[in-house]
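Structure, as structure tokens:
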Amino acid sequence: MTTNPYNIDLDRNPANHIPLTPLTFLDRAASVFPNHIAIVHGALRRNYAEFYMRSRQLASALAQNGIGRGDTVSAMLANTPAMLECHYGVPMSGGVLHSVNTRLDASVIAFQLDHAMSKVVIVDREFMPLIEKALALANVTPRVIQYDDPEFPGPATATEAQDYNAFLSTGDPDFDWLMPLDEWDAIAINYTSGTTGDPKGVVSHHRGAYLLAQGNALTTSMAKHAVYLWTLPMFHCNGWCFPWTLSAIVGTHVCLRQVRPEPIWAALADEGVTHLCGAPIVMSLIISAHQAEKRTFDHQVQFFTAAAPPPEKLLADMKTAGFDVTHLYGLTETYGPAVVNDWHHEWSDLPLAEQATLKSRQGVRYLPLEGLDVLDPETMLPVPRDGETMGEVMFRGNVVMKGYFRNPKATQQAFAGGWFHSGDLGVRYPDGYIQLKDRSKDIIISGGENISSIEVEEALYRHPAVKTAAVVAMPHEKWGETPCAFVELSTGADVDAATLRAWCKDWLAPYKVPSMVVFMEIPRTSTGKIQKYMLREHAKTLAEQNNETKSC
Ligand SMILES: Nc1ncnc2c1ncn2[C@@H]1O[C@H](COP(=O)(O)OP(=O)(O)OP(=O)(O)O)[C@@H](O)[C@H]1O
């Protein structure tokens, strides 16, 4: 074997090879733009010098309290300055950040704390009662630190936990923080929310976080000094890496404790917000306030949506309201969005409805993702690019997780055949863009035919009275399964099940028309995702009741 001559005497050394980590973005931002406002939270304004100093203090205080490489620090915080500091301070101590979804119940939180072997928990005052309940159930006994956010209006309760600012003040502002020894070292652990079953601890590394944080800015053309509003929970997949992206472009974070239309519109107008992210539910909130109160803004605003398929009607409404919407797709396992609906300028000349159809496709790979395909999971061969043949969406590249923490079996299954199996079913179009049709667990199989729940939902969303639609499989004696639709109506709208079924017949093949339409409040996860497994259980009960009535 011949040796590559360019490898002789040209080795890696500390001058030419340093582990990639997004932590260095903050160091740079603070040294180049120390006075630029990094964080806005209510009346608070904190510049990059202060943000960096406080993150180092946090790292130092953690280190003084025994946190080192590979130790888990949990954070149960709203979208506040403390949560941003945790995204830097925890990994700067060598620790691994475990962000806890603040709307989980105590037993699930206890499971996560135990599984992640948490050593410190930093908790917002609002969530103290919940964490205390969780700790009573957990085996681990982490040190508890309470963050008293001045923007939280609730009453203080007695606690023995140390105050966050007091803890921080014990830290050295010039702390010589720990670079990762290897860019493969873990930076964060995030538990999947369990919309499809067992929560799994997804481990991300510094390299992936660095690449995706930059990828966010590059893929979506985020400019220097962008102003970013925190409508996406940072506990969800590290806010899709945007806590790190903003330091790369020296932008401003506008924090938000609660996702409500009033503060969102106020921030758009008063803080000059240029970018925000969220599931389609956040767009619905924004649109209802726009339509009811005629709210507007006078600058360019980019909205990045992911987490669930955005209904075409909502995309069209957002465009009319003046938002430039970019559709992203990804999973916790891919650090957040790793696929983008990369827009071609000429598509903007098409009729609005056609634009919305094109925009509802999930798209193509992010810059730092090397492989994205729709494969037949049996043969591992790509499906034809015909926009019709379904396969499983698979990922390969540097923004795919390390694996599932302490779960080698699940890790092996997820990476079988050298690709990460997403569990999402989709198609690929001749131009290479992918579109999700369903999750493998959500597909409805009726008389041997596959029915995409998303396609049925799209038909329902076209009806003006429908605010939210979720379609799941309902057991059926003859067909095996049939679609069952759960619907929330827009305020003041009035329509019955028969009318909606008749409406669907105009858009869908007869076997795809829901056999039942149920009007009720649809259960969601804290990130706004519809909990289809709960709806499936509900549909099963309804089917059983139906059969009992028939046999009486
Ligand atoms: N743009 C999108 N359109 C449709 N679905 C999306 C989009 N973006 C994300 N998703 C869905 O969200 C899933 C990823 O979500 P996430 O990683 O947060 O897991 P989860 O739903 O919270 O938990 P679990 O993995 O336990 O089900 C994807 O697999 C996909 O089904």
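Residue names in the structure tokens use chain letters A, B, ... in the order shown, residue numbers from 1 in each chain, and ligand numbers from 1 in the order shown.
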What residues have any atom no more than 8 Å from ligand 1 when counting only C-alpha atoms and all ligand atoms, and can you list them as a ChimeraX atom specification? /A:191-200,236-237,305-310,327-334,336-337,360,362,422-424,436,438-439,525,527,529
Report as a tab-separated table the residues of segment 99-143 of chain A within 8 Å of segment 75-94 of chain A, each with its shortest atom pair and distance in Å (one decimal), using only C-alpha atoms, ordered by chain and increasing residue number.
residue	atom	partner	partner_atom	distance
A:Ser99	CA	A:Ala75	CA	4.8
A:Val100	CA	A:Met76	CA	5.0
A:Asn101	CA	A:Met76	CA	6.9
A:Thr102	CA	A:Met76	CA	6.1
A:Val121	CA	A:Ala75	CA	5.6
A:Ile122	CA	A:Ala75	CA	4.7
A:Val123	CA	A:Met76	CA	4.8
A:Asp124	CA	A:Leu77	CA	5.0
A:Phe127	CA	A:Met76	CA	7.3
Restrict the selected residues to N, CA and C atoms and save them as a PDB file, in the first residue's frame.
ATOM      1  N   SER A  99     -31.406  19.005  29.712  1.00  0.00           N
ATOM      2  CA  SER A  99     -32.527  19.945  29.842  1.00  0.00           C
ATOM      3  C   SER A  99     -33.799  19.146  30.042  1.00  0.00           C
ATOM      4  N   VAL A 100     -34.555  19.539  31.043  1.00  0.00           N
ATOM      5  CA  VAL A 100     -35.762  18.773  31.368  1.00  0.00           C
ATOM      6  C   VAL A 100     -36.986  19.521  30.853  1.00  0.00           C
ATOM      7  N   ASN A 101     -37.813  18.791  30.158  1.00  0.00           N
ATOM      8  CA  ASN A 101     -39.090  19.340  29.697  1.00  0.00           C
ATOM      9  C   ASN A 101     -39.917  19.705  30.933  1.00  0.00           C
ATOM     10  N   THR A 102     -40.313  20.962  31.020  1.00  0.00           N
ATOM     11  CA  THR A 102     -40.934  21.452  32.254  1.00  0.00           C
ATOM     12  C   THR A 102     -42.387  20.995  32.420  1.00  0.00           C
ATOM     13  N   VAL A 121     -29.116  19.889  39.898  1.00  0.00           N
ATOM     14  CA  VAL A 121     -30.317  20.292  39.158  1.00  0.00           C
ATOM     15  C   VAL A 121     -30.527  21.783  39.371  1.00  0.00           C
ATOM     16  N   ILE A 122     -30.605  22.521  38.282  1.00  0.00           N
ATOM     17  CA  ILE A 122     -30.868  23.962  38.366  1.00  0.00           C
ATOM     18  C   ILE A 122     -32.333  24.164  37.973  1.00  0.00           C
ATOM     19  N   VAL A 123     -33.116  24.716  38.896  1.00  0.00           N
ATOM     20  CA  VAL A 123     -34.575  24.728  38.710  1.00  0.00           C
ATOM     21  C   VAL A 123     -35.154  26.128  38.849  1.00  0.00           C
ATOM     22  N   ASP A 124     -36.039  26.463  37.932  1.00  0.00           N
ATOM     23  CA  ASP A 124     -36.775  27.715  38.035  1.00  0.00           C
ATOM     24  C   ASP A 124     -37.737  27.613  39.235  1.00  0.00           C
ATOM     25  N   PHE A 127     -40.956  25.748  39.003  1.00  0.00           N
ATOM     26  CA  PHE A 127     -41.004  24.291  38.909  1.00  0.00           C
ATOM     27  C   PHE A 127     -40.463  23.583  40.162  1.00  0.00           C
TER      28      PHE A 127
END
For Glu458 of chain A, list every protein, DNA or RNA residue within 7 Å, evaluated using only C-alpha atoms, and leave out those in the same chain fewer than 4 positions away; present the list as a PyMOL selection string. chain A and resi 311+454+462
Figure out the distance between atom CA of Ser55 of chain A and atom CA of Ala156 of chain A, please, to one decimal in Å.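 Straight-line distance from atom CA of Ala156 of chain A to atom CA of Ser55 of chain A works out to 25.5 Å.
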Excluding Glu457 of chain A and any residue of its chain fewer than 4 positions from it, enumerate the residues within 7 Å of it, using only C-alpha atoms, and give them as a ChimeraX atom specification. /A:453,461,469-471
Contacts of Glu126 of chain A within 12 Å, only C-alpha atoms, excl. fewer than 3 positions in-chain, as a compact mmCIF listing (two decimals) with N, CA and C atoms, in the first residue's frame:
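The result, stored in selection10.txt:
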# COMPACT_ATOMS: atom_id res chain seq x y z
N MET A 76 -33.99 22.62 34.73
CA MET A 76 -35.44 22.62 34.53
C MET A 76 -35.86 24.08 34.57
N LEU A 77 -35.75 24.69 33.42
CA LEU A 77 -35.87 26.15 33.34
C LEU A 77 -36.76 26.58 32.19
N ALA A 78 -37.39 27.71 32.33
CA ALA A 78 -38.14 28.30 31.21
C ALA A 78 -37.10 28.96 30.28
N THR A 102 -40.31 20.96 31.02
CA THR A 102 -40.93 21.45 32.25
C THR A 102 -42.39 21.00 32.42
N ARG A 103 -42.93 20.35 31.40
CA ARG A 103 -44.33 19.92 31.53
C ARG A 103 -44.49 18.42 31.72
N ILE A 122 -30.60 22.52 38.28
CA ILE A 122 -30.87 23.96 38.37
C ILE A 122 -32.33 24.16 37.97
N VAL A 123 -33.12 24.72 38.90
CA VAL A 123 -34.57 24.73 38.71
C VAL A 123 -35.15 26.13 38.85
N PRO A 129 -41.93 22.93 43.12
CA PRO A 129 -42.79 21.87 43.69
C PRO A 129 -42.70 20.58 42.87
N LEU A 130 -42.63 20.72 41.54
CA LEU A 130 -42.58 19.55 40.67
C LEU A 130 -41.26 18.79 40.85
N ILE A 131 -40.15 19.51 40.93
CA ILE A 131 -38.86 18.82 41.05
C ILE A 131 -38.78 18.16 42.43
N GLU A 132 -39.38 18.80 43.43
CA GLU A 132 -39.34 18.17 44.77
C GLU A 132 -40.09 16.84 44.75
N GLN A 146 -31.85 26.90 42.96
CA GLN A 146 -33.10 27.52 42.50
C GLN A 146 -32.83 28.85 41.79
N TYR A 147 -33.41 28.97 40.60
CA TYR A 147 -33.31 30.23 39.84
C TYR A 147 -34.58 31.03 40.07
N ASP A 148 -34.41 32.22 40.63
CA ASP A 148 -35.56 33.07 40.95
C ASP A 148 -35.70 34.12 39.86
N ASP A 149 -36.50 33.80 38.85
CA ASP A 149 -36.64 34.69 37.70
C ASP A 149 -37.55 35.87 38.06
N PRO A 150 -37.05 37.11 37.96
CA PRO A 150 -37.91 38.24 38.30
C PRO A 150 -39.15 38.34 37.41
N GLU A 151 -39.13 37.69 36.25
CA GLU A 151 -40.29 37.74 35.36
C GLU A 151 -41.37 36.72 35.74
N PHE A 152 -41.07 35.87 36.73
CA PHE A 152 -42.10 34.90 37.16
C PHE A 152 -42.94 35.56 38.25
N PRO A 153 -44.23 35.70 37.99
CA PRO A 153 -45.07 36.46 38.93
C PRO A 153 -45.51 35.68 40.16
N GLY A 154 -45.38 34.36 40.17
CA GLY A 154 -45.91 33.55 41.27
C GLY A 154 -45.23 33.81 42.60
N PRO A 155 -45.90 33.40 43.69
CA PRO A 155 -45.34 33.66 45.03
C PRO A 155 -44.13 32.78 45.33
N ALA A 156 -43.25 33.30 46.17
CA ALA A 156 -42.07 32.52 46.58
C ALA A 156 -42.52 31.48 47.60
N THR A 157 -41.87 30.31 47.57
CA THR A 157 -42.16 29.30 48.59
C THR A 157 -40.86 29.00 49.32
N ARG A 257 -40.95 33.72 28.74
CA ARG A 257 -41.33 32.62 29.66
C ARG A 257 -42.48 31.79 29.10
